[in-house]
4 protein chains.
Amino acid sequence: EKNFFLMAGPCVVEGEEVVMKTAEQVVKICEKLKIPYIFKSSYRKANRTRLDSFTGIGDENALKLLAKVKATFNVPVVTDIHAANEAAMAAEYVDVLQIPAFLCRQTDILIAAAETGKIVNVKKGQFLSPEAMQFAVDKLRQSGNEQIILTDRGATFGYHDLIVDYRAIPTMQQMDVPVVLDCTHSLQQPNQTSGVTGGNPAMIETIARAGIAVGADGLFIETHPNPAQAKSDGANMLRLDLLEGLLDKLVRLKEVVNTL
Amino acid sequence: EKNFFLMAGPCVVEGEEVVMKTAEQVVKICEKLKIPYIFKSSYRKANRTRLDSFTGIGDENALKLLAKVKATFNVPVVTDIHAANEAAMAAEYVDVLQIPAFLCRQTDILIAAAETGKIVNVKKGQFLSPEAMQFAVDKLRQSGNEQIILTDRGATFGYHDLIVDYRAIPTMQQMDVPVVLDCTHSLQQPNQTSGVTGGNPAMIETIARAGIAVGADGLFIETHPNPAQAKSDGANMLRLDLLEGLLDKLVRLKEVVNTL
Amino acid sequence: EKNFFLMAGPCVVEGEEVVMKTAEQVVKICEKLKIPYIFKSSYRKANRTRLDSFTGIGDENALKLLAKVKATFNVPVVTDIHAANEAAMAAEYVDVLQIPAFLCRQTDILIAAAETGKIVNVKKGQFLSPEAMQFAVDKLRQSGNEQIILTDRGATFGYHDLIVDYRAIPTMQQMDVPVVLDCTHSLQQPNQTSGVTGGNPAMIETIARAGIAVGADGLFIETHPNPAQAKSDGANMLRLDLLEGLLDKLVRLKEVVNTL
Amino acid sequence: EKNFFLMAGPCVVEGEEVVMKTAEQVVKICEKLKIPYIFKSSYRKANRTRLDSFTGIGDENALKLLAKVKATFNVPVVTDIHAANEAAMAAEYVDVLQIPAFLCRQTDILIAAAETGKIVNVKKGQFLSPEAMQFAVDKLRQSGNEQIILTDRGATFGYHDLIVDYRAIPTMQQMDVPVVLDCTHSLQQPNQTSGVTGGNPAMIETIARAGIAVGADGLFIETHPNPAQAKSDGANMLRLDLLEGLLDKLVRLKEVVNTL
């Protein structure tokens with residue numbers, strides 16, 4: 001029976017060491033557990049709360065590192081784009097283009113991503129109903145691209161919290177696309193006064209288990225060897241040395257779910 | 001390994017036939033699947049949207065039917081109370097007193113329920129954080145009752161929808177109480193213009209699977225031989241003939257969850 | 001032109017001195033500003049977060065103090081009830097029976113309140129749409145009482161915040177009842193970890209101005225000579241010495257609103 | 001005393017006739033009522049729900065029409081941009097660049113807008129707290145632009161509704177910027193199954209009155225000679241012939257508010 005697939009890696013391409021080390025470890029774990037793996041890292045962050053937040057090491061540098069991961073470990077890689085004119089550039093290096101949640105309604109970006117012919121992973125806006133993602137899917141299909149993934153990353157619940165609406169997973173699967181649950185950003189605590197988004201990594205396992213149980217096709221988990229020193233989303237990333245234990249549980253859960 | 005327990009039955013005590021038939025069937029299913037079973041039915045509905053909604057067959061009649069279920073099938077029974085002065089009366093007939101979600105902050109009702117010595121099941125208000133249920137637990141414990149169950153039935157999400165926040169289950173379990181997920185009322189669509197609360201029973205399995213996966217101790221599922229003709233909550237109850245199939249899946253899921 | 005009316009007083013009947021002092025001051029202010037005044041104080045608090053919170057000085061003591069306010073200052077008084085069997089008792093002392101927001105769907109309480117023949121003020125549940133208050137109005141009318149007030153006290157917005165939906169005021173006025181805006185409880189910050197509900201009294205004027213501007217018939221403002229020492233809702237009550245300045249502004253706003 | 005200013009016009013530049021006719025009428029009304037006026041129309045829509053929705057008449061055509069409005073009626077004009085590389089182009093034609101709510105966290109767009117030296121109007125994301133707009137303001141200021149306007153257009157309230165949180169207006173004014181209330185988009189009913197965003201124009205006056213009462217510096221109102229035939233946002237725009245009556249009331253309200 002089919003296992004779930006995993007999109008995982010450090011939030012942002014911080015530097016070669018973190019990227020290669022994380023990729024190596026996750027590749028090893030996923031081979032062992034027979035989890036199809038897509039390495040994820042953002043080549044640049046475009047919507048950090050504060051101007052003095054880290055945004056990247058330079059677009060080309062970062063994209064080349066993603067290509068190096070791909071070449072070294074023979075895994076597909078995914079990164080997010082933030083404007084229509086980034087699609088073609090990123091597509092030269094990666095296998096999957098990801099559309100950030102805030103941008104999931106931006107038609108130009110969706111079309112540009114679709115036209116690269118790459119797989120397009122659209123994150124559901126925190127403000128969007130699962131049903132409304134049909135319109136994002138339609139925009140991609142009508143632009144000639146049928147390789148679509150949808151990812152849920154939680155729904156706005158007051159100013160400072162998100163809730164995962166698990167009804168979204170079967171609802172979006174009815175659009176004939178694989179659906180991923182983002183276990184990292186679903187746990188964000190947005191709009192903190194510090195300008196640093198908060199999190200609750202102790203709940204990652206809870207969020208992920210429920211996702212697998214309801215039939216999610218994939219999981220998205222940001223992970224880092226040392227989240228406390230990470231340059232973005234440190235509050236939510238899973239410590240890399242905890243990943244195997246978590247995935248091992250989820251694989252066993254998935255085996256049963258496949259029989260239900 | 002320990003199975004989850006089930007609170008199930010028709011929403012309201014409509015009459016002897018429905019009650020006895022439902023109890024008989026669910027008892028049989030739960031014996032087969034080794035699920036500890038508590039028969040649930042309200043002896044009266046106190047917060048129907050409209051005055052012309054069905055509220056019950058008379059308190060004493062209904063409570064006696066609950067006692068008959070208990071005697072006939074040798075299962076514990078649960079019913080909800082709506083005022084402090086109902087606690088003692090209901091306690092003569094049932095094993096578990098349930099405090100409705102809207103009333104979970106009413107200190108007098110909690111104390112009265114606690115003082116009966118019966119198990120008290122408090123539903124988390126749709127407007128309450130999981131953490132705030134600690135105060136309900138404290139009120140019961142400080143009234144001398146340690147037999148407490150907490151039940152989640154969804155969180156207010158706009159005027160017309162509820163979302164289950166699965167973080168609530170481990171959060172409330174940290175209060176050293178069993179936590180139940182109400183798969184029926186979590187799917188209500190409140191505030192419909194018709195004055196009849198809507199629902200989405202096609203999602204019951206999704207809601208339940210996620211609950212078991214995150215470690216819920218029990219499930220609450222209203223079921224009826226013919227929901228379309230039920231006198232309350234027809235939009236959300238599970239058709240009785242679908243219950244066994246659902247529970248069978250959930251038991252298999254629980255077996256794995258117990259090993260994680 | 002008609003002025004708005006005011007329901008105001010200390011949250012709970014703490015003792016004779018606070019009650020009489022507050023009533024005297026507010027009566028004086030309202031006479032000066034030609035604001036019809038209804039003295040408000042709860043004779044008992046029934047849904048405090050914690051069991052060790054202050055709940056009252058004894059029901060009869062408190063109700064007699066309310067009657068003393070009425071007799072001394074010749075103003076109507078309002079108090080809230082928490083169970084059907086409190087309606088008749090409270091009705092002996094007060095002019096308006098108030099149904100708390102958490103209890104606005106409890107049919108027994110609504111009927112009992114209606115049957116006293118007193119004016120009934122129903123607070124809209126934080127989880128209820130404005131439109132759904134039609135059903136509360138219907139329950140009262142079908143119980144033979146046409147003297148109905150509806151009060152908005154904010155809508156659930158995540159676990160820790162409320163927002164006032166000002167569309168609720170004209171929506172509920174279409175039910176042919178006066179509509180009050182509760183400027184105190186709309187600013188609550190519920191579910192605080194301390195078990196003490198938070199607030200934001202600096203926003204009272206903002207909340208009240210908007211209410212008058214959209215045509216609210218009345219305002220509800222809890223006030224206390226020294227909120228920091230109040231025994232309930234200290235975080236939200238307006239300091240009594242700030243009340244006149246606030247009301248003066250609101251009266252001037254109302255004069256223009258009446259001409260629009 | 002200072003009057004509020006108005007940003008108004010048809011949602012999108014549909015064609016010369018609608019644009020010029022609307023501008024002419026609104027200019028006349030605003031001169032009469034002494035309301036500083038900024039003509040608003042989008043030169044292109046970038047986030048329509050469906051791919052077959054109207055998006056514009058061509059960027060250059062539309063921008064030239066905005067310039068024609070500016071030249072003909074001697075009023076400043078505002079339009080929204082959707083990507084960093086649109087900022088410089090739009091800045092050649094308009095006085096105010098508007099950042100759409102979904103894009104208010106996109107640092108590149110904010111910087112590009114700031115660097116044009118034009119006034120920048122940032123709409124608060126439906127998912128953002130008012131306090132968090134400080135970070136958008138900081139990004140603009142740190143990019144050398146002090147001419148900033150913030151606009152509230154409602155907060156996400158479930159999937160299908162928005163609520164205006166009027167606390168946002170004084171909160172954002174504390175950032176030393178003028179704050180505008182968008183009375184049109186605050187009334188959107190998003191995520192409709194039809195793919196056409198719904199609305200409730202009967203509530204425009206309620207929304208606007210409350211905004212003026214709490215001290216909003218400006219109002220944003222989309223208006224169209226015939227909203228039923230408009231090519232975007234027809235469900236929410238105000239019929240042009242109703243605008244003067246509405247503004248007349250709001251000016252009278254503002255006069256009193258200025259004295260409070």
# chains A, B, ... in the order shown; residues from 1 in each chain; ligands from 1
$ closest_atom_pairs --of "chain D" --to "chain C" --cutoff "12 Å" --atoms "only C-alpha atoms" --output "Markdown table"
| residue | atom | partner | partner_atom | distance |
| --- | --- | --- | --- | --- |
| D:Phe127 | CA | C:Phe157 | CA | 11.8 |
| D:Ser129 | CA | C:Asp161 | CA | 11.5 |
| D:Gly154 | CA | C:Asp165 | CA | 10.5 |
| D:Ala155 | CA | C:Ile163 | CA | 9.6 |
| D:Thr156 | CA | C:Phe157 | CA | 9.3 |
| D:Phe157 | CA | C:Phe157 | CA | 7.4 |
| D:Gly158 | CA | C:Phe157 | CA | 9.3 |
| D:Asp161 | CA | C:Asp165 | CA | 11.0 |
| D:Leu162 | CA | C:Asp165 | CA | 9.3 |
| D:Ile163 | CA | C:Asp165 | CA | 6.0 |
| D:Val164 | CA | C:Asp165 | CA | 6.9 |
| D:Asp165 | CA | C:Ile163 | CA | 6.0 |
| D:Tyr166 | CA | C:Thr206 | CA | 7.3 |
| D:Arg167 | CA | C:Thr206 | CA | 6.8 |
| D:Ala168 | CA | C:Thr206 | CA | 9.9 |
| D:Ile169 | CA | C:Thr206 | CA | 9.0 |
| D:Pro170 | CA | C:Thr206 | CA | 8.0 |
| D:Thr171 | CA | C:Met203 | CA | 9.6 |
| D:Ser186 | CA | C:Arg167 | CA | 11.2 |
| D:Leu187 | CA | C:Arg167 | CA | 9.8 |
| D:Asn200 | CA | C:Arg167 | CA | 10.2 |
| D:Pro201 | CA | C:Arg167 | CA | 11.5 |
| D:Ala202 | CA | C:Arg167 | CA | 10.0 |
| D:Met203 | CA | C:Arg167 | CA | 6.8 |
| D:Ile204 | CA | C:Arg167 | CA | 9.6 |
| D:Glu205 | CA | C:Val214 | CA | 8.2 |
| D:Thr206 | CA | C:Val214 | CA | 5.4 |
| D:Ile207 | CA | C:Tyr166 | CA | 7.4 |
| D:Ala208 | CA | C:Val214 | CA | 8.8 |
| D:Arg209 | CA | C:Ala213 | CA | 5.7 |
| D:Ala210 | CA | C:Ala210 | CA | 4.2 |
| D:Gly211 | CA | C:Ala210 | CA | 7.0 |
| D:Ile212 | CA | C:Ala210 | CA | 8.2 |
| D:Ala213 | CA | C:Ala210 | CA | 5.5 |
| D:Val214 | CA | C:Thr206 | CA | 5.4 |
| D:Gly215 | CA | C:Thr206 | CA | 8.6 |
| D:Ala216 | CA | C:Thr206 | CA | 10.9 |
| D:Gly245 | CA | C:Leu260 | CA | 9.8 |
| D:Leu246 | CA | C:Leu260 | CA | 9.5 |
| D:Leu247 | CA | C:Leu260 | CA | 10.9 |
| D:Asp248 | CA | C:Leu260 | CA | 9.0 |
| D:Lys249 | CA | C:Leu260 | CA | 5.8 |
| D:Leu250 | CA | C:Leu260 | CA | 8.7 |
| D:Val251 | CA | C:Leu260 | CA | 10.5 |
| D:Arg252 | CA | C:Val256 | CA | 7.3 |
| D:Leu253 | CA | C:Val256 | CA | 6.4 |
| D:Lys254 | CA | C:Leu253 | CA | 9.5 |
| D:Glu255 | CA | C:Val256 | CA | 9.3 |
| D:Val256 | CA | C:Leu253 | CA | 6.4 |
| D:Val257 | CA | C:Leu253 | CA | 7.0 |
| D:Asn258 | CA | C:Leu253 | CA | 10.3 |
| D:Thr259 | CA | C:Lys249 | CA | 8.8 |
| D:Leu260 | CA | C:Lys249 | CA | 5.8 |
$ residues_around --residues "region 119-126 of chain C" --least-positions-apart "4" --cutoff "8 Å" --atoms "only C-alpha atoms" --output "number ranges by chain"
B: 127; C: 95-104, 113-114, 130, 133, 136, 145, 147-156, 162
$ select_by_dssp --residues "region 117-158 of chain C" --states "alpha helix (DSSP H)" --output "ChimeraX atom specification"
/C:133-142
